[in-house]
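Below is start18.cif, holding mmCIF, C-alpha atoms and all ligand atoms.
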```cif
data_my_file
loop_
_atom_site.label_atom_id
_atom_site.label_comp_id
_atom_site.auth_asym_id
_atom_site.auth_seq_id
_atom_site.Cartn_x
_atom_site.Cartn_y
_atom_site.Cartn_z
CA MET A 1 40.78 -48.65 105.16
CA ILE A 2 40.53 -52.12 106.65
CA PRO A 3 38.06 -52.13 109.55
CA LYS A 4 38.39 -54.19 112.72
CA THR A 5 35.55 -56.69 112.51
CA SER A 6 34.62 -60.32 113.04
CA GLY A 7 31.83 -62.71 112.12
CA GLN A 8 30.76 -66.03 110.64
CA MET A 9 30.22 -66.90 107.00
CA GLY A 10 29.10 -70.09 105.29
CA TRP A 11 28.41 -71.30 101.75
CA GLN A 12 27.44 -74.66 100.31
CA SER A 13 28.67 -75.35 96.79
CA PRO A 14 28.14 -78.26 94.38
CA ALA A 15 30.60 -80.46 92.52
CA ASN A 16 30.31 -80.38 88.72
CA ILE A 17 30.83 -82.88 85.93
CA ALA A 18 32.44 -81.71 82.68
CA LEU A 19 30.86 -82.70 79.36
CA VAL A 20 33.45 -80.96 77.17
CA LYS A 21 36.64 -81.30 79.18
CA TYR A 22 39.12 -78.69 80.31
CA TRP A 23 42.51 -80.35 79.86
CA GLY A 24 45.64 -78.21 79.57
CA LYS A 25 46.13 -74.67 80.81
CA HIS A 26 48.41 -71.67 80.81
CA PRO A 27 49.20 -69.18 83.57
CA VAL A 28 47.39 -68.16 85.64
CA GLN A 29 45.02 -71.14 85.60
CA LEU A 30 43.57 -70.13 82.21
CA PRO A 31 42.13 -72.95 80.09
CA MET A 32 43.64 -74.27 76.86
CA ASN A 33 40.08 -74.71 75.50
CA PRO A 34 36.52 -73.90 76.57
CA SER A 35 34.60 -76.45 78.65
CA VAL A 36 30.96 -77.09 79.60
CA SER A 37 29.68 -78.83 82.72
CA PHE A 38 26.64 -79.18 84.92
CA VAL A 39 26.53 -78.93 88.70
CA LEU A 40 25.29 -81.80 90.86
CA LYS A 41 22.47 -81.72 93.39
CA GLU A 42 23.58 -84.06 96.19
CA SER A 43 27.36 -83.86 95.93
CA VAL A 44 28.16 -80.65 97.76
CA VAL A 45 30.79 -79.18 100.07
CA ARG A 46 29.85 -76.91 102.99
CA ILE A 47 32.39 -74.39 104.19
CA ARG A 48 31.89 -72.49 107.43
CA MET A 49 34.32 -69.71 108.16
CA GLY A 50 34.80 -67.80 111.41
CA TYR A 51 36.73 -64.61 110.68
CA SER A 52 38.33 -61.89 112.72
CA ILE A 53 39.95 -59.00 110.88
CA ASP A 54 42.30 -56.57 112.60
CA PRO A 55 44.77 -54.27 110.79
CA ALA A 56 47.27 -55.10 113.57
CA ASP A 57 47.10 -58.87 112.79
CA GLN A 58 48.59 -60.94 109.99
CA PHE A 59 46.86 -63.64 107.95
CA ASN A 60 46.51 -66.87 109.84
CA LEU A 61 44.47 -69.99 109.21
CA ASN A 62 44.01 -70.81 112.92
CA ALA A 63 42.16 -74.06 112.40
CA PHE A 64 40.94 -76.18 109.51
CA THR A 65 38.94 -79.38 109.64
CA LEU A 66 37.67 -81.58 106.83
CA ASN A 67 34.67 -83.73 107.82
CA GLY A 68 35.57 -83.20 111.48
CA ASN A 69 39.24 -84.18 111.15
CA GLU A 70 42.36 -82.07 110.83
CA ASN A 71 43.88 -82.36 107.37
CA PRO A 72 47.27 -80.61 107.30
CA ALA A 73 47.93 -81.17 103.57
CA PHE A 74 44.62 -79.67 102.43
CA ALA A 75 44.90 -76.94 105.12
CA ASP A 76 48.27 -75.85 103.65
CA ARG A 77 46.80 -75.72 100.13
CA ILE A 78 43.90 -73.61 101.38
CA ALA A 79 46.15 -71.29 103.40
CA ASP A 80 48.36 -70.71 100.31
CA TYR A 81 45.28 -70.07 98.20
CA LEU A 82 43.77 -67.55 100.63
CA ARG A 83 47.14 -65.81 101.03
CA SER A 84 47.33 -65.53 97.22
CA LEU A 85 43.95 -63.76 97.15
CA ALA A 86 45.17 -60.90 99.40
CA GLY A 87 46.05 -58.92 96.25
CA PHE A 88 42.31 -58.86 95.39
CA PHE A 89 41.01 -58.66 98.96
CA PRO A 90 43.41 -56.62 101.14
CA PHE A 91 41.47 -57.59 104.30
CA LEU A 92 42.77 -61.15 103.91
CA ALA A 93 46.31 -60.05 104.81
CA HIS A 94 44.92 -59.18 108.27
CA ALA A 95 42.40 -62.01 108.71
CA ARG A 96 42.47 -64.81 111.25
CA LEU A 97 40.27 -67.66 110.05
CA ASN A 98 38.76 -70.86 111.44
CA ILE A 99 37.39 -73.04 108.67
CA THR A 100 35.37 -76.24 108.78
CA SER A 101 34.63 -78.11 105.59
CA GLU A 102 32.27 -81.04 105.13
CA SER A 103 31.39 -82.95 102.01
CA THR A 104 28.36 -85.13 101.35
CA PHE A 105 30.34 -87.60 99.24
CA PRO A 106 33.45 -89.71 99.96
CA HIS A 107 36.82 -88.24 99.07
CA SER A 108 38.22 -89.69 95.80
CA ALA A 109 34.77 -90.89 94.73
CA GLY A 110 35.47 -89.59 91.25
CA ILE A 111 33.66 -86.40 92.09
CA ALA A 112 35.98 -83.39 92.27
CA SER A 113 35.66 -82.21 95.86
CA SER A 114 38.23 -79.48 95.16
CA ALA A 115 35.87 -77.80 92.66
CA ALA A 116 33.08 -77.65 95.25
CA ALA A 117 35.44 -76.62 98.06
CA PHE A 118 37.21 -73.80 96.20
CA SER A 119 33.89 -72.54 94.91
CA ALA A 120 32.47 -72.41 98.47
CA LEU A 121 35.64 -70.75 99.77
CA ALA A 122 35.59 -68.11 97.04
CA LEU A 123 31.92 -67.38 97.73
CA CYS A 124 32.66 -66.93 101.47
CA ILE A 125 35.53 -64.51 100.75
CA CYS A 126 33.51 -62.49 98.20
CA GLN A 127 30.62 -62.28 100.67
CA ILE A 128 32.86 -61.09 103.55
CA ASP A 129 34.32 -58.52 101.14
CA ALA A 130 30.82 -57.28 100.28
CA ILE A 131 30.02 -56.92 104.00
CA ILE A 132 33.21 -54.99 104.69
CA ARG A 133 32.72 -52.65 101.73
CA GLU A 134 29.12 -51.94 102.71
CA GLU A 135 28.36 -51.40 99.01
CA PRO A 136 25.57 -53.30 97.26
CA VAL A 137 26.77 -55.66 94.53
CA ASP A 138 24.47 -57.11 91.92
CA ASP A 139 24.29 -60.90 91.62
CA GLU A 140 25.95 -61.05 88.22
CA THR A 141 29.02 -59.13 89.41
CA PHE A 142 29.14 -61.08 92.67
CA PHE A 143 29.04 -64.57 91.11
CA ARG A 144 31.38 -63.60 88.27
CA LYS A 145 33.96 -62.43 90.80
CA ALA A 146 33.44 -65.59 92.88
CA SER A 147 33.91 -67.69 89.73
CA GLU A 148 37.15 -65.89 88.86
CA MET A 149 38.48 -66.31 92.41
CA ALA A 150 37.43 -69.99 92.54
CA ARG A 151 39.32 -70.57 89.26
CA LEU A 152 42.56 -69.54 90.96
CA GLY A 153 42.11 -72.36 93.51
CA SER A 154 41.16 -75.09 91.02
CA GLY A 155 40.31 -74.39 87.38
CA SER A 156 37.10 -76.41 87.24
CA ALA A 157 35.89 -74.78 90.51
CA CYS A 158 34.93 -71.68 88.51
CA ARG A 159 32.08 -73.74 87.00
CA SER A 160 30.59 -74.56 90.45
CA VAL A 161 29.30 -71.11 91.45
CA TYR A 162 26.09 -71.34 89.38
CA ASP A 163 23.13 -73.65 89.05
CA GLY A 164 22.55 -75.85 86.00
CA PHE A 165 24.87 -75.85 82.98
CA THR A 166 27.98 -73.70 82.92
CA LEU A 167 30.52 -72.64 80.28
CA TRP A 168 34.11 -71.67 81.05
CA GLY A 169 36.40 -70.34 78.33
CA GLU A 170 36.15 -67.78 75.61
CA THR A 171 34.24 -68.81 72.51
CA THR A 172 32.63 -66.81 69.73
CA GLU A 173 29.59 -69.11 70.17
CA VAL A 174 28.47 -67.49 73.43
CA HIS A 175 28.45 -63.77 74.05
CA GLY A 176 30.13 -62.82 77.35
CA SER A 177 32.13 -66.06 77.67
CA SER A 178 35.59 -65.68 79.15
CA ASP A 179 38.77 -67.55 80.08
CA GLU A 180 38.81 -65.67 83.40
CA TYR A 181 35.50 -66.94 84.77
CA ALA A 182 32.62 -69.24 83.96
CA ILE A 183 29.16 -68.10 82.94
CA ARG A 184 25.79 -69.73 83.45
CA LEU A 185 24.09 -71.11 80.34
CA ASP A 186 20.59 -69.79 80.82
CA ASP A 187 17.30 -71.31 79.67
CA GLN A 188 17.64 -70.12 76.06
CA PHE A 189 20.67 -72.47 75.76
CA ILE A 190 19.14 -75.50 77.47
CA HIS A 191 16.28 -77.60 76.06
CA LYS A 192 13.83 -78.99 78.61
CA ALA A 193 15.00 -82.52 77.72
CA PHE A 194 18.06 -81.76 79.88
CA SER A 195 16.26 -80.15 82.81
CA SER A 196 16.26 -83.31 84.92
CA ILE A 197 19.35 -85.05 83.60
CA ARG A 198 20.93 -87.51 86.03
CA ASP A 199 24.47 -88.63 86.89
CA SER A 200 25.14 -91.92 88.68
CA VAL A 201 28.79 -92.22 89.66
CA LEU A 202 30.15 -95.77 89.72
CA ILE A 203 33.05 -96.00 92.16
CA VAL A 204 35.46 -98.43 90.55
CA ASP A 205 38.43 -97.44 92.68
CA ASN A 206 38.54 -94.74 95.33
CA SER A 207 42.28 -94.72 96.02
CA THR A 208 44.29 -91.55 95.39
CA LYS A 209 45.22 -91.07 91.73
CA LYS A 210 48.77 -91.97 90.66
CA VAL A 211 49.00 -88.82 88.51
CA SER A 212 47.25 -85.66 89.69
CA SER A 213 45.16 -83.46 87.41
CA SER A 214 47.68 -80.64 87.73
CA ALA A 215 50.47 -82.97 86.51
CA GLY A 216 48.14 -84.00 83.65
CA HIS A 217 47.47 -80.38 82.66
CA THR A 218 51.24 -79.72 82.63
CA LEU A 219 51.84 -82.69 80.31
CA MET A 220 49.56 -80.97 77.77
CA ASP A 221 52.14 -78.13 77.40
CA GLN A 222 54.38 -80.27 75.18
CA HIS A 223 51.77 -82.76 74.03
CA PRO A 224 52.16 -83.74 70.35
CA TYR A 225 48.35 -83.68 69.91
CA ARG A 226 47.87 -80.32 71.60
CA PRO A 227 46.80 -78.33 68.48
CA ALA A 228 44.46 -81.14 67.41
CA ARG A 229 42.95 -81.34 70.89
CA ILE A 230 42.23 -77.60 70.90
CA LYS A 231 40.43 -77.97 67.55
CA GLN A 232 38.55 -81.07 68.69
CA ALA A 233 37.37 -79.42 71.93
CA GLU A 234 36.20 -76.34 70.02
CA MET A 235 34.27 -78.49 67.54
CA ASN A 236 32.76 -80.60 70.32
CA LEU A 237 31.76 -77.44 72.16
CA ILE A 238 29.90 -76.10 69.11
CA LYS A 239 28.14 -79.45 68.57
CA LEU A 240 27.33 -79.85 72.28
CA LEU A 241 25.83 -76.35 72.51
CA THR A 242 23.62 -77.20 69.52
CA THR A 243 22.38 -80.41 71.15
CA LEU A 244 21.79 -78.65 74.48
CA ARG A 245 19.59 -76.18 72.60
CA ASN A 246 17.68 -78.65 70.44
CA GLY A 247 17.35 -81.53 72.94
CA ASP A 248 19.08 -84.14 70.74
CA ILE A 249 20.18 -86.50 73.52
CA GLN A 250 21.71 -89.06 71.19
CA THR A 251 24.19 -86.62 69.62
CA PHE A 252 24.78 -85.11 73.08
CA GLY A 253 25.69 -88.61 74.34
CA GLU A 254 28.02 -89.31 71.42
CA ILE A 255 29.87 -86.05 72.11
CA ILE A 256 30.30 -86.62 75.84
CA GLU A 257 31.59 -90.16 75.28
CA ASN A 258 34.00 -88.86 72.65
CA GLU A 259 35.24 -86.25 75.14
CA ALA A 260 35.71 -88.82 77.92
CA LEU A 261 37.65 -91.26 75.73
CA SER A 262 39.70 -88.43 74.19
CA LEU A 263 40.66 -87.16 77.67
CA HIS A 264 42.03 -90.60 78.56
CA GLY A 265 43.59 -90.90 75.08
CA LEU A 266 45.53 -87.71 75.82
CA MET A 267 46.79 -89.26 79.06
CA LEU A 268 47.87 -92.44 77.24
CA SER A 269 49.74 -90.42 74.61
CA SER A 270 51.39 -87.95 77.03
CA ASN A 271 55.10 -88.22 77.62
CA PRO A 272 55.37 -90.07 79.94
CA GLY A 273 52.09 -91.76 79.18
CA TYR A 274 49.89 -93.01 81.99
CA ILE A 275 46.67 -94.94 82.56
CA LEU A 276 44.02 -93.86 85.04
CA MET A 277 41.34 -96.24 83.82
CA HIS A 278 40.98 -99.54 85.68
CA PRO A 279 40.20 -102.77 83.77
CA HIS A 280 36.72 -102.57 85.34
CA THR A 281 36.29 -99.07 83.90
CA ILE A 282 36.58 -100.58 80.42
CA ASN A 283 34.26 -103.46 81.32
CA ILE A 284 31.65 -100.92 82.43
CA LEU A 285 32.00 -98.78 79.28
CA ASN A 286 31.50 -101.87 77.11
CA LYS A 287 28.46 -102.95 79.13
CA ILE A 288 26.89 -99.50 78.82
CA ARG A 289 27.26 -99.54 75.05
CA GLU A 290 25.84 -103.08 74.83
CA PHE A 291 22.90 -102.13 77.05
CA ARG A 292 22.21 -99.01 75.01
CA GLN A 293 22.18 -100.90 71.77
CA ALA A 294 19.99 -103.73 73.08
CA ASN A 295 17.45 -101.44 74.77
CA GLN A 296 17.42 -98.27 72.61
CA SER A 297 18.41 -96.58 75.83
CA GLN A 298 19.71 -93.04 76.28
CA VAL A 299 22.29 -93.81 78.94
CA TYR A 300 25.77 -92.48 78.14
CA PHE A 301 29.03 -92.29 80.05
CA THR A 302 31.63 -89.72 80.86
CA LEU A 303 34.87 -89.97 82.83
CA ASP A 304 36.84 -87.50 84.87
CA ALA A 305 40.59 -87.81 85.29
CA GLY A 306 40.21 -91.12 87.13
CA PRO A 307 38.81 -94.67 86.90
CA ASN A 308 35.24 -93.97 88.08
CA VAL A 309 32.41 -93.84 85.56
CA HIS A 310 29.63 -91.24 85.41
CA LEU A 311 26.41 -92.53 83.85
CA ILE A 312 24.51 -89.63 82.31
CA TYR A 313 20.83 -90.24 81.44
CA PRO A 314 17.41 -88.60 81.36
CA GLU A 315 15.26 -88.97 84.47
CA LYS A 316 12.73 -91.16 82.65
CA GLU A 317 15.39 -93.89 82.42
CA THR A 318 16.11 -93.96 86.15
CA LYS A 319 14.42 -97.32 86.77
CA ALA A 320 16.13 -99.05 83.86
CA VAL A 321 19.53 -97.59 84.74
CA THR A 322 19.16 -98.58 88.41
CA SER A 323 18.56 -102.20 87.43
CA LEU A 324 21.45 -102.04 84.95
CA ILE A 325 23.72 -100.86 87.79
CA GLN A 326 22.42 -103.40 90.31
CA ASN A 327 22.48 -106.38 87.93
CA GLU A 328 25.43 -105.70 85.64
CA LEU A 329 27.68 -102.90 86.83
CA ALA A 330 27.87 -102.84 90.64
CA GLY A 331 30.01 -106.00 90.55
CA TYR A 332 32.76 -103.93 88.91
CA CYS A 333 32.59 -101.26 91.63
CA GLN A 334 34.61 -101.17 94.82
CA ASN A 335 32.33 -102.65 97.51
CA ARG A 336 29.45 -102.34 94.98
CA GLN A 337 29.44 -98.58 95.64
CA TRP A 338 27.83 -95.94 93.49
CA ILE A 339 26.29 -92.50 94.06
CA ASP A 340 23.03 -91.37 92.43
CA ASP A 341 23.00 -87.70 91.62
CA ALA A 342 21.32 -85.24 89.25
CA LEU A 343 21.44 -81.73 87.82
CA GLY A 344 21.60 -79.32 90.75
CA ASN A 345 20.42 -75.96 91.95
CA GLY A 346 23.79 -74.38 92.56
CA PRO A 347 25.37 -72.86 95.65
CA CYS A 348 23.57 -71.32 98.61
CA MET A 349 24.50 -69.44 101.75
CA ILE A 350 24.29 -71.53 104.94
O1 LIG B 1 40.16 -78.28 87.87
P1 LIG B 1 41.21 -79.30 87.77
O2 LIG B 1 42.58 -78.73 87.70
O3 LIG B 1 41.08 -80.35 88.86
O4 LIG B 1 41.02 -80.10 86.37
C1 LIG B 1 39.84 -80.77 86.06
C2 LIG B 1 40.03 -81.58 84.84
C3 LIG B 1 38.89 -82.49 84.46
O5 LIG B 1 38.08 -82.79 85.58
C4 LIG B 1 39.46 -83.79 83.92
C5 LIG B 1 38.02 -81.89 83.36
C6 LIG B 1 37.11 -80.77 83.73
O6 LIG B 1 36.82 -79.95 82.85
O7 LIG B 1 36.59 -80.73 84.88
#
```

Take the structure in the file and write it out as C-alpha cells.
Amino acid sequence: MIPKTSGQMGWQSPANIALVKYWGKHPVQLPMNPSVSFVLKESVVRIRMGYSIDPADQFNLNAFTLNGNENPAFADRIADYLRSLAGFFPFLAHARLNITSESTFPHSAGIASSAAAFSALALCICQIDAIIREEPVDDETFFRKASEMARLGSGSACRSVYDGFTLWGETTEVHGSSDEYAIRLDDQFIHKAFSSIRDSVLIVDNSTKKVSSSAGHTLMDQHPYRPARIKQAEMNLIKLLTTLRNGDIQTFGEIIENEALSLHGLMLSSNPGYILMHPHTINILNKIREFRQANQSQVYFTLDAGPNVHLIYPEKETKAVTSLIQNELAGYCQNRQWIDDALGNGPCMI
C-alpha cells in the first residue's frame, strides 16, 4: 500500500577518487574488475528533495536546479534514473519531486560530481523508503542498498556512500565484497599511515571531455587488452590491499601510478583510440616524478578519465607539496587553479 504523504529529505555525499580503476562493465552497470577508492572531505554534493506521494499521481520531477540554475540535460538524466528505480521503490511511480543540487567544487574539475550526486540521490530515496515503510533498518542494510541503487545511476557512485576507503567488485581477497554494491574497508584493512592521506587536484583543463566515461567503458567490450586488463586490475588490487594494510606508501604509490597510466593506455589503444591527457598533464607527471626522486618525497599521482591530475600524499608532506604546486605545477593549470582535499568522513543527512 502506497500512502499519501509528503516531506523534505536531504543528503550530502562526497566525491571519490579511484586507486584501482573501474574501467569496463557489463549489464546492468556491473564492473569488469574490482576497484578501490577513497572519499574526499571537501568535494561534496548536497541534494535536497521535496517529495509528495499520492497513489493518484504519476512520477514527475517538477523542478530541478544545479547550483541555483536549471539544467535540463542533467534533469533528464536524473528523471530517467529515478523512474528506473520504481521497480525497487514502488512509491516513486507516484512521487512528485522538487530537487535542488549544489556542489562545493566546479563542474568538470576532474572530480566526478556524478558519483557524489547519484550517491546523495540514492541515499535520499532509501531514506524516504524507510520512512514510508515505518520499519527500522540497520545501517549496514541501509547503506548497502543505497550503494546498490547509486551504482545504477553511475557505477563509481556506489563507492561514495561510505567514509574512508571503499571496495567495489567481487574478490576472494575480501569477504562480503560484491559486484552489486561497494563495501567499506574498515580499520583492519587500513594502516594509520593512510588515515590522513591528501588529494590535491590540479585543474589542467576544465572543459567537457571529448569522450565520455560511458563511451570509454563501452570501448572495453571489444578491447584487445581486455583479458590482460582484468588480470592486471586483480593483481593491483591484491597488492594495493596489502599496502593499505601494512602502510607501505611507496608500493602504494607505484600501484596507483601504474593504474592511472594503464587507464589512459587503455584509452590510447581502444578502437577508435583517443587521448584525454593534455600536454600539460604529461609535464606535471614528469615534474612529480623528478620532485619525488630529488626530495625522497612520498607524493604520487593518479588520473581519472580526464586531463586533471590528482596528487596523493601523506599529510606530513602538505607544506612541501603546496610549494611544489605553487612553484612548479600551477603554471600548467588552467588559471593556476587547483583544489586541496583529503580523505573524508562520508555522507551525512542535511
Ligand atoms: O562511474 P563512471 O561510469 O563515471 O566511471 C568512472 C571511471 C573512472 O573514474 C575512470 C574510474 C573509477 O573507478 O572511478

Could you give me the centre and size, in Å to one decimal, of an axis-aligned box around all listed atoms of ligand LIG 1 (chain B) with 6 Å added on every side, as lines of an AutoDock Vina configuration file?
```
center_x = 39.6
center_y = -81.0
center_z = 85.9
size_x = 18.0
size_y = 17.5
size_z = 18.0
```

**Study point:** Minimum-distance residue to Gly247 of chain A, chosen among A:Asn308, A:Ser195, A:Thr318, A:Asn98 (using only C-alpha atoms)
**Key:**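 Looking only at the distances to Gly247 of chain A, the closest residue turns out to be A:Ser195.
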
- Task: Provide the atom CA of Pro31 of chain A to atom CA of Cys126 of chain A distance in Å, to one decimal place.
- Result: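 Interatomic distance here is 22.6 Å.
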
In terms of only C-alpha atoms and all ligand atoms, the residue from A:Leu123, A:Met49, A:Ala115, A:Leu30 at minimal distance from ligand LIG 1 (chain B) is A:Ala115

Using all atoms listed in the file, the best pick from A:Leu240, A:Leu266, A:Leu92, A:Cys124 as closest to ligand LIG 1 (chain B) would be A:Leu266

- request: Determine the nearest neighbour of ligand LIG 1 (chain B) from the options A:Ser213, A:Ser196, A:Gln188, A:Thr65, counting all atoms listed in the file.
  value: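 Under the stated criterion, the closest residue is A:Ser213.
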
Using all atoms listed in the file, determine which residues fall within 8 Å of ligand LIG 1 (chain B), then list them as a PDB file with C-alpha atoms, in the coordinates of the input.
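Result file is out-v3.pdb:
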```pdb
ATOM      1  CA  ASN A  16      30.310 -80.380  88.720  1.00  0.00           C
ATOM      2  CA  ILE A  17      30.830 -82.880  85.930  1.00  0.00           C
ATOM      3  CA  ALA A  18      32.440 -81.710  82.680  1.00  0.00           C
ATOM      4  CA  LEU A  19      30.860 -82.700  79.360  1.00  0.00           C
ATOM      5  CA  VAL A  20      33.450 -80.960  77.170  1.00  0.00           C
ATOM      6  CA  LYS A  21      36.640 -81.300  79.180  1.00  0.00           C
ATOM      7  CA  TYR A  22      39.120 -78.690  80.310  1.00  0.00           C
ATOM      8  CA  TRP A  23      42.510 -80.350  79.860  1.00  0.00           C
ATOM      9  CA  SER A  35      34.600 -76.450  78.650  1.00  0.00           C
ATOM     10  CA  VAL A  36      30.960 -77.090  79.600  1.00  0.00           C
ATOM     11  CA  SER A  37      29.680 -78.830  82.720  1.00  0.00           C
ATOM     12  CA  ALA A 112      35.980 -83.390  92.270  1.00  0.00           C
ATOM     13  CA  SER A 114      38.230 -79.480  95.160  1.00  0.00           C
ATOM     14  CA  ALA A 115      35.870 -77.800  92.660  1.00  0.00           C
ATOM     15  CA  ARG A 151      39.320 -70.570  89.260  1.00  0.00           C
ATOM     16  CA  SER A 154      41.160 -75.090  91.020  1.00  0.00           C
ATOM     17  CA  GLY A 155      40.310 -74.390  87.380  1.00  0.00           C
ATOM     18  CA  SER A 156      37.100 -76.410  87.240  1.00  0.00           C
ATOM     19  CA  ALA A 157      35.890 -74.780  90.510  1.00  0.00           C
ATOM     20  CA  SER A 213      45.160 -83.460  87.410  1.00  0.00           C
ATOM     21  CA  SER A 214      47.680 -80.640  87.730  1.00  0.00           C
ATOM     22  CA  HIS A 217      47.470 -80.380  82.660  1.00  0.00           C
ATOM     23  CA  LEU A 263      40.660 -87.160  77.670  1.00  0.00           C
ATOM     24  CA  LEU A 303      34.870 -89.970  82.830  1.00  0.00           C
ATOM     25  CA  ASP A 304      36.840 -87.500  84.870  1.00  0.00           C
ATOM     26  CA  ALA A 305      40.590 -87.810  85.290  1.00  0.00           C
TER      27      ALA A 305
END
```

Out of A:Val28, A:Met349, A:Ile132, A:Ile238, which residue has the shortest atom-to-atom distance to Gln12 of chain A when counting all atoms listed in the file?
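Answer, going by the shortest atom-to-atom distance: A:Met349.
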
Handout entry: For Trp11 of chain A, the nearest of the candidates A:Gln298, A:Glu254, A:Ala130, A:Pro347, counting only C-alpha atoms
Key =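 Smallest separation from Trp11 of chain A among the options: A:Pro347.
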
Take the point (35.0, -76.8, 101.6) in the file's coordinates, draw a sphere of radius 9 Å around it, and report as a PyMOL selection string every protein, DNA or RNA residue with an atom inside or on it, counting only C-alpha atoms. chain A and resi 11-13+44-48+66+99-103+113-114+116-121

Tell me, in Å to one decimal, how far atom CA of Thr5 of chain A is from atom CA of Asn69 of chain A.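 Rounded to one decimal, the two atoms are 27.8 Å apart.
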
Note to self: Quick one: residues within 12 Å of Val211 of chain A, all atoms listed in the file, excluding same-chain residues fewer than 4 positions away - as a ChimeraX atom specification?
What the structure shows: /A:207,215-219,267-268,270,272-277,305-307

So that I can see what lies close to Tyr313 of chain A, please list as a short mmCIF file (atom, residue, chain, number, x, y, z; two decimals) with C-alpha atoms, keeping the file's coordinate frame the residues with an atom at most 8 Å from it, counting only C-alpha atoms and leaving out residues fewer than 6 positions away in the same chain.
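Result written to part-v1.cif:
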```cif
data_model
loop_
_atom_site.label_atom_id
_atom_site.label_comp_id
_atom_site.auth_asym_id
_atom_site.auth_seq_id
_atom_site.Cartn_x
_atom_site.Cartn_y
_atom_site.Cartn_z
CA ILE A 197 19.35 -85.05 83.60
CA ARG A 198 20.93 -87.51 86.03
CA ASP A 199 24.47 -88.63 86.89
CA GLN A 298 19.71 -93.04 76.28
CA VAL A 299 22.29 -93.81 78.94
CA TYR A 300 25.77 -92.48 78.14
#
```

Two-atom distance - atom CA of Ala146 of chain A, atom CA of Gly7 of chain A (Å):
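Here the two named atoms are 19.5 Å from each other.
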
inquiry  = At a cut-off of 9 Å, using all atoms listed in the file, what residues contact Arg96 of chain A? Leave out same-chain residues fewer than 2 positions from it and give the result as JSON, numbers by chain.
reply    = {"A": [50, 51, 52, 53, 54, 57, 58, 59, 60, 61, 62, 92, 93, 94, 98]}

Writer output for current selection, C-alpha atoms, as a PDB file, in the coordinates of the input:
```
ATOM      1  CA  GLY A  50      34.800 -67.800 111.410  1.00  0.00           C
ATOM      2  CA  TYR A  51      36.730 -64.610 110.680  1.00  0.00           C
ATOM      3  CA  SER A  52      38.330 -61.890 112.720  1.00  0.00           C
ATOM      4  CA  ILE A  53      39.950 -59.000 110.880  1.00  0.00           C
ATOM      5  CA  ASP A  54      42.300 -56.570 112.600  1.00  0.00           C
ATOM      6  CA  ASP A  57      47.100 -58.870 112.790  1.00  0.00           C
ATOM      7  CA  GLN A  58      48.590 -60.940 109.990  1.00  0.00           C
ATOM      8  CA  PHE A  59      46.860 -63.640 107.950  1.00  0.00           C
ATOM      9  CA  ASN A  60      46.510 -66.870 109.840  1.00  0.00           C
ATOM     10  CA  LEU A  61      44.470 -69.990 109.210  1.00  0.00           C
ATOM     11  CA  ASN A  62      44.010 -70.810 112.920  1.00  0.00           C
ATOM     12  CA  LEU A  92      42.770 -61.150 103.910  1.00  0.00           C
ATOM     13  CA  ALA A  93      46.310 -60.050 104.810  1.00  0.00           C
ATOM     14  CA  HIS A  94      44.920 -59.180 108.270  1.00  0.00           C
ATOM     15  CA  ASN A  98      38.760 -70.860 111.440  1.00  0.00           C
TER      16      ASN A  98
END
```

If we count all atoms listed in the file, what is near Ser177 of chain A at a cut-off of 8 Å, once residues fewer than 6 positions away on the same chain are taken out, given as a VMD selection string? chain A and resid 167 to 171 183

Output requested as a PDB file, keeping the file's coordinate frame - segment 124-135 of chain A, filled out with N, CA and C atoms.
```
ATOM      1  N   CYS A 124      32.540 -67.486 100.106  1.00  0.00           N
ATOM      2  CA  CYS A 124      32.660 -66.930 101.470  1.00  0.00           C
ATOM      3  C   CYS A 124      33.490 -65.644 101.446  1.00  0.00           C
ATOM      4  N   ILE A 125      34.630 -65.684 100.755  1.00  0.00           N
ATOM      5  CA  ILE A 125      35.530 -64.510 100.750  1.00  0.00           C
ATOM      6  C   ILE A 125      34.852 -63.327 100.052  1.00  0.00           C
ATOM      7  N   CYS A 126      34.189 -63.586  98.918  1.00  0.00           N
ATOM      8  CA  CYS A 126      33.510 -62.490  98.200  1.00  0.00           C
ATOM      9  C   CYS A 126      32.394 -61.896  99.064  1.00  0.00           C
ATOM     10  N   GLN A 127      31.722 -62.764  99.832  1.00  0.00           N
ATOM     11  CA  GLN A 127      30.620 -62.280 100.670  1.00  0.00           C
ATOM     12  C   GLN A 127      31.162 -61.444 101.843  1.00  0.00           C
ATOM     13  N   ILE A 128      32.256 -61.883 102.457  1.00  0.00           N
ATOM     14  CA  ILE A 128      32.860 -61.090 103.550  1.00  0.00           C
ATOM     15  C   ILE A 128      33.307 -59.740 102.983  1.00  0.00           C
ATOM     16  N   ASP A 129      33.885 -59.776 101.790  1.00  0.00           N
ATOM     17  CA  ASP A 129      34.320 -58.520 101.140  1.00  0.00           C
ATOM     18  C   ASP A 129      33.146 -57.576 100.939  1.00  0.00           C
ATOM     19  N   ALA A 130      32.004 -58.122 100.502  1.00  0.00           N
ATOM     20  CA  ALA A 130      30.820 -57.280 100.280  1.00  0.00           C
ATOM     21  C   ALA A 130      30.351 -56.663 101.605  1.00  0.00           C
ATOM     22  N   ILE A 131      30.446 -57.435 102.694  1.00  0.00           N
ATOM     23  CA  ILE A 131      30.020 -56.920 104.000  1.00  0.00           C
ATOM     24  C   ILE A 131      30.946 -55.779 104.431  1.00  0.00           C
ATOM     25  N   ILE A 132      32.239 -56.006 104.260  1.00  0.00           N
ATOM     26  CA  ILE A 132      33.210 -54.990 104.690  1.00  0.00           C
ATOM     27  C   ILE A 132      33.054 -53.702 103.892  1.00  0.00           C
ATOM     28  N   ARG A 133      32.841 -53.851 102.587  1.00  0.00           N
ATOM     29  CA  ARG A 133      32.720 -52.650 101.730  1.00  0.00           C
ATOM     30  C   ARG A 133      31.434 -51.877 101.962  1.00  0.00           C
ATOM     31  N   GLU A 134      30.437 -52.566 102.477  1.00  0.00           N
ATOM     32  CA  GLU A 134      29.120 -51.940 102.710  1.00  0.00           C
ATOM     33  C   GLU A 134      28.542 -51.315 101.441  1.00  0.00           C
ATOM     34  N   GLU A 135      28.914 -51.918 100.279  1.00  0.00           N
ATOM     35  CA  GLU A 135      28.360 -51.400  99.010  1.00  0.00           C
ATOM     36  C   GLU A 135      27.521 -52.521  98.409  1.00  0.00           C
TER      37      GLU A 135
END
```
